[in-house]
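Novice: After the structure tokens below, expect a handful of questions from me.
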Amino acid sequence: MEPSGVSNEKRPTVDLIKDKNGTDQILLQNPKGASVKISLHGGQVISWKTDKGDELLFTSAKANSKPPHPVRGGIPICFPQFGTRGSLEQHGFARNKMWLVEENPPALPSFDSTNKAYIDLVLKPSDEDTTRIWPHCFEFHLRVSLALDGNLTLISRVRNINSKPFSFSIAYHTYFSISDISEVRVEGLETLDYLDNLFEKERFTEQGDTLTFESEIDRVYLNSRDVVAVFDHEKKRTFLIKKEGLPDVVVWNPWDKKAKALTDLGDEEYKHMLCVDGAAIEKPINLKPDCLTMLETKRKGLDRAKMVPSSSSSSQRTSNGSLEGFSMFLLSLSDHLRSRSRSFTRQTRVTRVSNHHAPNTLAQLERDHSPLQNWTGVTCNRNESRIIALRLPAIGLNGQIPPNTISRLSALRVLSLRSNRLSGPFPMGLAGLKDLGFLYLEDNDFSGPLPLDFSVWKKLVSVDLSNNRFNGTVPVSLSGLKRLQSLNLANNSLSGVVPDELSGLSSLKVIDLSNNNLHGPLPSWLLRFPPSSYQGIGDDVTHFQPPPEPPTRKKPKGVTKTVFLLIVISVSIVLLAVLAFVFALCYLRRKLRIVKDHKLQKKGGMSPEKFDSRMEEANNRLSFFEGCSYSFDLEDLLRASAEILGKGTFGTTYKAVLEDATSVAVKRLKDFAAGKRDFEQQMEIIGGIKHENVVELKAYYYSKDEKLMVYDYFSSGSVASLLHGNRGENRVPLDWETRMRIAIGAAKGIARIHKENNGKLVHGNIKSSNIFLNSEREGCVSDLGLTAVMSALAPPISRQAGYRAPEVTDTRKSSQLSDVYSFGVVLLELLTGKSPFTLPQEMRLYIWFDGYIR
Ligand SMILES: O=P(O)(O)OC[C@H]1O[C@@H](O)[C@H](O)[C@@H](O)[C@@H]1O
């Protein structure tokens with residue numbers, strides 16, 4: 001029987017065509033009119049269109065398609081090397097070579113050719129150049145096939161025709177065409193480890209329950225499951241990637257700066273592309289003589305039915321943000337599924353029979369991902385009888401979770417209700433969700449004690465309950481969660497001690513208990529985690545474990561502590577000398593520029609009248625500084641989903657993600673002392689500093705109850721997190737060059753700050769968590785100038801104690817000299833990799849003396 005919509009006459013077609021450069025291309029068309037174009041140059045798929053003519057792959061308008069340039073777009077095949085992980089050119093040579101159409105490919109018995117348009121290509125090392133750089137005899141057979149339903153499959157078979165084994169890496173570097181990178185999310189990579197090419201291929205663990213994009217990304221996710229999905233909210237399209245034999249997943253988007261540097265990519269084109277696809281990179285594939293390995297990826301582009309409000313669209317939020325609509329939805333959905341499941345019993349039986357004959361066919365993939373699977377926020381099991389994941393982050397839900405709603409979703413494995421305004425006690429209905437593996441309730445307003453008995457959730461892998469108001473003790477029963485890898489209870493009001501029993505959490509890789517009312521002693525098992533995980537706990541700071549040593553700083557055997565100390569002190573003298581030199585240089589440059597600055601001030605500075613009128617106008621509005629490209633207002637900011645980045649001396653800093661996906665850092669000041677006028681004048685001073693090593697203040701807000709400061713958000717985190725953050729067992733410490741760049745950049749930034757306000761501005765809060773990396777990976781200083789408008793400095797909590805000059809601790813008044821002291825501590829921190837609390841007192845005093853001698 002012909003599938004519906006296909007007339008008897010229509011058959012899949014395969015045609016040889018030529019592009020404008022005369023390069024041979026193959027055009028595949030299925031009977032419904034969907035098409036795929038493959039260039040023999042690179043064996044690269046360069047177009048994949050739906051039967052409605054929509055292009056699913058991105059190709060740059062500036063792509064250079066003349067051999068031997070790889071085409072920027074489509075599906076380049078990176079073989080036999082990925083990136084620069086080897087001696088070959090970036091991404092290997094396969095994408096630059098001419099492939100041949102293969103008349104008699106090796107048999108592929110599992111391939112069902114019914115109604116498929118397909119072509120076989122082959123790459124053999126035909127030229128001397130290739131064999132010289134990669135001396136292995138191989139054949140790369142590629143079958144590209146387009147199915148009736150528009151599925152695109154690439155089957156790669158690499159044969160070793162040599163007498164010696166060889167190994168290779170491979171990646172399909174698929175450029176998916178997307179509406180806007182900020183509208184897209186990727187699922188299927190949660191909790192995985194990844195190698196970050198932006199951080200020298202260091203290994204990190206994905207903490208989010210979904211991957212969204214707000215800056216450059218260049219990662220290799222390791223050992224992912226076989227299906228990864230790219231959701232495009234704007235186009236209402238989902239790409240499903242199903243892979244076999246390819247454990248890793250490449251994710252790449254160059255973002256604006258890198259895009260500008262690429263000659264074959266338009267400046268703005270990065271917004272409309274996302275590279276995601278299967279790969280084998282971390283563990284290259286070993287191929288024995290005369291063996292053939294088969295690697296397969298299938299891609300499907302689905303248009304989605306929208307049934308649940310999208311997390312990124314305010315217009316589709318649940319009414320009034322209440323839980324009414326939400327619970328109605330859940331109830332009707334679970335009823336709907338129950339009735340479906342009855343009819344599915346029959347259907348599943350039929351399915352099983354056909355599966356038996358054709359395992360792993362595209363039909364199976366389709367069943368796995370039918371439209372029900374693609375309701376935003378909802379993922380179902382294979383036969384669509386149960387909901388296994390519910391993700392409704394940041395959609396403005398408030399109030400308590402009504403009973404008998406989520407608890408009915410008894411097959412739930414992932415529950416993410418993070419960044420809403422849910423309140424009330426911990427939802428006890430969750431106790432019935434025995435399969436729960438991932439629980440994300442962070443950034444809500446839950447209160448009361450945590451459940452006593454966590455042992456009901458034996459399958460928990462990741463729990464994030466941070467930024468709520470939970471109180472009571474840390475439940476001992478958590479210790480029974482043998483699969484638990486990540487536990488975040490930070491920023492609650494938990495009290496008591498950290499139970500020693502949690503040492504039994506053998507799989508735990510990440511923990512954060514910071515900013516609670518917990519007290520010491522710190523159990524020894526906790527010390528294997530970075531100090532930030534238990535910041536604010538511990539009444540005995542000597543328990544803090546020093547972070548790993550920098551790479552080249554292995555203490556030679558036999559070197560005594562004193563000698564070691566002397567070495568460190570001498571190096572710090574050198575660094576301080578560098579600092580002094582930089583200060584001197586900046587001072588000289590300042591002298592030279594002073595006239596220019598005066599002119600600028602005249603031109604850009606505000607008259608008192610203008611200043612007043614602007615202040616008047618700015619009542620209850622955000623005041624943006626000149627040149628700021630942000631276009632949100634206070635309401636947008638208050639509506640944004642917020643995540644606490646840290647609680648500091650002067651208040652709490654949040655990451656706010658606005659509805660247009662812009663991320664900003666917002667500082668909410670506490671213990672504010674100055675009046676409105678003083679505050680605004682101070683903001684004008686701070687906001688007037690435009691320097692590559694000073695984090696620019698973009699906007700501020702003043703009202704009786706709320707004082708906010710808005711900055712750019714730095715996704716790579718602070719220098720403190722780079723130095724001490726937990727990055728897995730194989731973490732490589734920050735390299736020396738970056739440490740130097742951080743030090744020099746921060747020094748320049750501080751020197752610039754000290755120039756401001758007639759040379760009187762004090763930073764007042766220099767510490768590694770207030771230094772970030774700018775685009776040149778230089779130190780960039782933040783959180784400045786607040787001492788003038790805040791109440792007298794509070795007694796130091798352990799975090800600030802190490803950075804404050806002795807006289808500041810006593811007088812509670814900071815100065816430019818005390819900034820120099822704090823910066824000296826940062827230098828020592830960069831130099832030793834130790835947090836200031838663990839630095840010997842003698843070292844810190846040395847900086848103090850140095851500060852005064854100068
Ligand atoms: O410009 P190319 O060679 O096509 O590579 C694009 C990108 O591909 C990514 O996979 C690499 O990790 C990046 O480093 C690289 O910039």
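Starting from 1 in every chain, residues are counted up; chains themselves are A, B, ... following the order of the structure tokens, and ligands are numbered from 1 as listed.
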Distance table requested - chain A against ligand 1, cut-off 8 Å, only C-alpha atoms and all ligand atoms: one row per qualifying residue with the closest atom pair and its distance in Å to one decimal, ordered by chain and rising residue number, as a Markdown table.
Specialist:
```
| residue | atom | partner | partner_atom_place_in_ligand_line | distance |
| --- | --- | --- | --- | --- |
| A:Pro70 | CA | ligand 1 | 4 (O) | 7.0 |
| A:Val71 | CA | ligand 1 | 4 (O) | 7.9 |
| A:Arg72 | CA | ligand 1 | 4 (O) | 6.4 |
| A:Phe82 | CA | ligand 1 | 10 (O) | 7.4 |
| A:Gly83 | CA | ligand 1 | 11 (C) | 5.4 |
| A:Thr84 | CA | ligand 1 | 14 (O) | 7.8 |
| A:Gln90 | CA | ligand 1 | 3 (O) | 5.5 |
| A:His91 | CA | ligand 1 | 3 (O) | 6.2 |
| A:His173 | CA | ligand 1 | 10 (O) | 6.9 |
| A:Asn197 | CA | ligand 1 | 12 (O) | 6.0 |
| A:Asp218 | CA | ligand 1 | 12 (O) | 5.2 |
| A:Arg219 | CA | ligand 1 | 12 (O) | 6.7 |
| A:Val220 | CA | ligand 1 | 12 (O) | 8.0 |
| A:Val250 | CA | ligand 1 | 10 (O) | 6.4 |
| A:Val251 | CA | ligand 1 | 10 (O) | 7.0 |
| A:Trp252 | CA | ligand 1 | 9 (C) | 5.6 |
| A:Asn253 | CA | ligand 1 | 7 (C) | 7.8 |
| A:Pro254 | CA | ligand 1 | 16 (O) | 7.0 |
| A:Leu262 | CA | ligand 1 | 1 (O) | 7.2 |
| A:Cys275 | CA | ligand 1 | 10 (O) | 7.9 |
```
Novice: Contacts of Asp129 (chain A) at 12 Å or less, counting only C-alpha atoms, minus same-chain residues fewer than 3 places along, as a list in words?
Specialist: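 The filter keeps Leu88, Phe93, Lys97, Pro125, Ser126, Arg132, Ile133, Trp134 and Pro135 of chain A.
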Novice: With only C-alpha atoms as the counted atoms, please give the residues lying no more than 12 Å from His141 (chain A), apart from itself and same-chain residues fewer than 6 positions off, as a tab-separated table (two decimals) with C-alpha atoms, in the first residue's frame.
Specialist:
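The resulting file, out-v1.tsv, is reproduced below:
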```tsv
chain	number	residue	atom	x	y	z
A	43	GLY	CA	30.71	15.06	1.03
A	94	ALA	CA	37.43	15.11	4.99
A	99	TRP	CA	34.32	12.77	-2.59
A	100	LEU	CA	33.15	10.37	-5.29
A	101	VAL	CA	29.76	8.88	-5.98
A	102	GLU	CA	30.09	5.21	-5.11
A	103	GLU	CA	28.45	2.81	-7.53
A	104	ASN	CA	28.98	-0.36	-5.53
A	105	PRO	CA	29.10	0.45	-1.85
A	106	PRO	CA	29.61	-2.32	0.68
A	107	ALA	CA	26.28	-3.99	1.46
A	108	LEU	CA	24.19	-2.32	4.15
A	119	ILE	CA	23.14	8.29	-2.42
A	120	ASP	CA	26.45	6.65	-1.55
A	121	LEU	CA	29.65	8.66	-1.55
A	122	VAL	CA	33.17	7.54	-0.81
A	123	LEU	CA	36.40	9.21	0.28
A	124	LYS	CA	39.68	7.41	-0.30
A	154	LEU	CA	23.80	10.00	7.50
A	155	ILE	CA	25.45	6.61	7.82
A	156	SER	CA	29.23	6.72	7.90
A	157	ARG	CA	31.25	3.57	7.58
A	158	VAL	CA	34.99	3.77	7.96
A	159	ARG	CA	37.01	0.76	6.84
A	160	ASN	CA	40.61	0.08	7.76
A	292	LEU	CA	34.61	-1.51	9.39
A	293	THR	CA	32.81	0.67	11.88
A	294	MET	CA	29.38	2.15	11.38
A	295	LEU	CA	28.24	5.48	12.79
A	296	GLU	CA	24.79	6.83	12.19
```
Novice: Write out as number ranges by chain each polymer residue whose atoms come within 10 Å of Leu246 (chain A), counting only C-alpha atoms; drop sequence neighbours fewer than 6 positions from it.
Specialist: A: 169-172, 222-226, 277-281, 285, 294-297
Novice: Env of Pro523 (chain A): 7 Å cut, atoms = only C-alpha atoms, seq-sep filter 3 positions within chain, self excluded. Answer as number ranges by chain.
Specialist: A: 498, 500, 526
Novice: Dump as a tab-separated table the rows for residues of region 626-648 of chain A within 10 Å of region 664-685 of chain A: closest atom pair and distance in Å with one decimal, only C-alpha atoms counted, ordered by chain and rising residue number.
Specialist:
```
residue	atom	partner	partner_atom	distance
A:Tyr630	CA	A:Val664	CA	9.5
A:Leu637	CA	A:Val666	CA	8.9
A:Ala640	CA	A:Val664	CA	9.9
A:Ala642	CA	A:Val666	CA	9.0
A:Glu643	CA	A:Ala665	CA	9.5
A:Ile644	CA	A:Val666	CA	9.5
A:Leu645	CA	A:Ala665	CA	8.3
A:Gly646	CA	A:Lys667	CA	9.5
A:Lys647	CA	A:Lys667	CA	9.4
A:Gly648	CA	A:Lys667	CA	9.4
```
Novice: If you run DSSP on this backbone, which residues of region 1-220 of chain A come out as alpha helix (DSSP H), and could you give them as a ChimeraX atom specification?
Specialist: /A:128-133
Novice: How far is it from CA of Ser177 (chain A) to CA of Ala389 (chain A), in Å with one decimal?
Specialist: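 These atoms are spaced 26.4 Å apart.
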Novice: Do you know which residues are at most 6 Å from Ala229 (chain A) counting only C-alpha atoms, after dropping those on the same chain fewer than 3 positions away, and could you put them as a list in words?
Specialist: Val186, Glu187, Phe239 and Leu240 of chain A
Novice: Selection from above, N, CA and C atoms, as a PDB file, in the first residue's frame, can you write it?
Specialist:
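That gives us result_23.pdb:
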```
ATOM      1  N   VAL A 186      18.429  23.401  24.208  1.00  0.00           N
ATOM      2  CA  VAL A 186      18.808  22.035  23.855  1.00  0.00           C
ATOM      3  C   VAL A 186      18.560  21.151  25.060  1.00  0.00           C
ATOM      4  N   GLU A 187      17.942  20.030  24.847  1.00  0.00           N
ATOM      5  CA  GLU A 187      17.716  19.097  25.954  1.00  0.00           C
ATOM      6  C   GLU A 187      18.344  17.761  25.624  1.00  0.00           C
ATOM      7  N   PHE A 239      14.211  20.057  16.457  1.00  0.00           N
ATOM      8  CA  PHE A 239      15.095  19.129  15.733  1.00  0.00           C
ATOM      9  C   PHE A 239      15.435  17.998  16.674  1.00  0.00           C
ATOM     10  N   LEU A 240      15.276  16.796  16.191  1.00  0.00           N
ATOM     11  CA  LEU A 240      15.667  15.647  17.001  1.00  0.00           C
ATOM     12  C   LEU A 240      16.879  15.012  16.358  1.00  0.00           C
TER      13      LEU A 240
END
```
Novice: Between CA of Thr23 (chain A) and CA of Ala61 (chain A), what is the distance, to one decimal in Å?
Specialist: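 Here the two named atoms are 17.7 Å from each other.
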Novice: Go through A:Leu784, A:Trp736, A:Asn774, A:Lys767 and flag the residue nearest His754 (chain A), using only C-alpha atoms for the distances.
Specialist: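 Using only C-alpha atoms, His754 (chain A) sits closest to A:Leu784.
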